[in-house]
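Asker: This structure is in structure tokens; I'll ask about it shortly.
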Amino acid sequence: MSDVIAERRREQSRMRTAAADYVERLAAHLDVIAAAMVGSAARGDFNVWSDIDVVVVAEGLPARLPDRALSLAMDAPPGVEPIGFTPAEFERAYRRGNPLAREAVELGETIRGESFFSRYRSR
């Protein structure tokens with residue numbers, strides 16, 4: 001049983017590393033304010049079909065969704081699923097109870113911008 005648990009922890013660590021590497025590459029061409037791994041990868045209840053959801057808060061994201069998706073996917077390795085917000089969009093989404101914004105703050109594994117997310121935790 002301990003081998004199974006150890007393997008799950010290694011896989012979750014690999015997912016964290018993939019998410020962090022992605023955010024680092026993305027920050028080379030976007031002003032990434034904050035990022036957090038969310039979803040099953042962060043919770044630990046992932047399975048073989050799970051992707052790695054990463055909430056990215058960045059300045060300068062394209063306004064058009066197709067352009068935004070392309071910009072975020074450019075450096076994403078297979079299995080990483082980025083979801084982008086500008087800081088103002090994230091603020092609105094969080095206030096309105098958007099599940100991804102809430103999860104990034106309350107349950108997500110912060111990759112970058114701990115101070116950004118902690119502002120919301122202290123509310």
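Going through the structure tokens in order, the chains are called A, B, and so on, while each chain numbers its residues from 1 and the ligands are numbered from 1 in the order shown.
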Could you pull the residues within 8 Å of Ile52 (chain A), counting only C-alpha atoms, minus those fewer than 3 positions along the same chain, as a ChimeraX atom specification?
Answerer: /A:15,19,37-41,79-81
Asker: Name all residues at most 8 Å from Arg112 (chain A) (count only C-alpha atoms; drop same-chain ones fewer than 3 positions away) and give them as a list in words.
Answerer: Val23, Ile33, Ala34, Ala35 and Ala36 of chain A
Asker: Create the file for the chosen residues now, containing C-alpha atoms and written as an mmCIF file, in the first residue's frame.
Answerer:
data_model
loop_
_atom_site.group_PDB
_atom_site.id
_atom_site.type_symbol
_atom_site.label_atom_id
_atom_site.label_comp_id
_atom_site.auth_asym_id
_atom_site.auth_seq_id
_atom_site.Cartn_x
_atom_site.Cartn_y
_atom_site.Cartn_z
ATOM 1 C CA VAL A 23 4.457 29.294 -15.771
ATOM 2 C CA ILE A 33 1.195 38.311 -11.724
ATOM 3 C CA ALA A 34 0.054 35.030 -10.165
ATOM 4 C CA ALA A 35 -0.570 31.395 -11.035
ATOM 5 C CA ALA A 36 -1.986 28.398 -9.209
#
Asker: In Å, rounded to a single decimal, give me how far CA of Phe85 (chain A) is from CA of Pro62 (chain A).
Answerer: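 These atoms are spaced 9.9 Å apart.
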Asker: Considering only alpha helix (DSSP H) as DSSP defines it on the backbone, what residues of chain A qualify? List them as number ranges by chain.
Answerer: A: 2-26, 40-43, 65-73, 87-95, 99-106, 114-121
Asker: Which residue is closest to Asp51 (chain A)? Choose from A:Ala27, A:Val32, A:Ala63, A:Ala76 and count only C-alpha atoms.
Answerer: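 Under the stated criterion, the closest residue is A:Ala76.
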Asker: So, counting only C-alpha atoms, which residue among A:Leu70, A:Leu61, A:Val56, A:Ile5 is closest to Ala101 (chain A)?
Answerer: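 Comparing A:Leu70, A:Leu61, A:Val56, A:Ile5 against Ala101 (chain A), the winner is A:Val56.
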Asker: Given only C-alpha atoms as the basis, pick out the residue of A:Glu114, A:Leu107, A:Val54, A:Glu91 nearest to Ala18 (chain A).
Answerer: A:Val54
Asker: May I ask for the distance between CA of Glu109 (chain A) and CA of His29 (chain A), given in Å to one decimal place?
Answerer: 22.5 Å
Asker: Have a look at CA of Asp31 (chain A) and CA of Ala88 (chain A) and let me know their distance in Å, one decimal.
Answerer: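 Separation between CA of Asp31 (chain A) and CA of Ala88 (chain A): 14.0 Å.
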Asker: Restricting the calculation to only C-alpha atoms, which member of A:Arg102, A:Val48, A:Ala6, A:Gly84 is positioned closest to Pro66 (chain A)?
Answerer: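 Using only C-alpha atoms, Pro66 (chain A) sits closest to A:Gly84.
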Asker: Pick out the residues sitting within 12 Å of Ser115 (chain A), and hand them over as number ranges by chain; count only C-alpha atoms, and ignore anything fewer than 4 positions along from it in its own chain.
Answerer: A: 33-35, 105, 110-111, 119-122
Asker: Can you work out which one of A:Arg43, A:Arg123, A:Arg92, A:Arg25 has the shortest atom-to-atom distance to Arg9 (chain A), counting only C-alpha atoms?
Answerer: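 The shortest atom-to-atom distance to Arg9 (chain A) comes from A:Arg43.
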Asker: Among chain A, which ones does DSSP place in strand (DSSP E or B), written as a count of residues only?
Answerer: 26
Asker: Return the single residue from A:Ala104, A:Gln12, A:Arg95, A:Gly113 that is closest to Asp45 (chain A), with distances computed using only C-alpha atoms.
Answerer: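 Among the listed residues, the smallest separation from Asp45 (chain A) belongs to A:Gln12.
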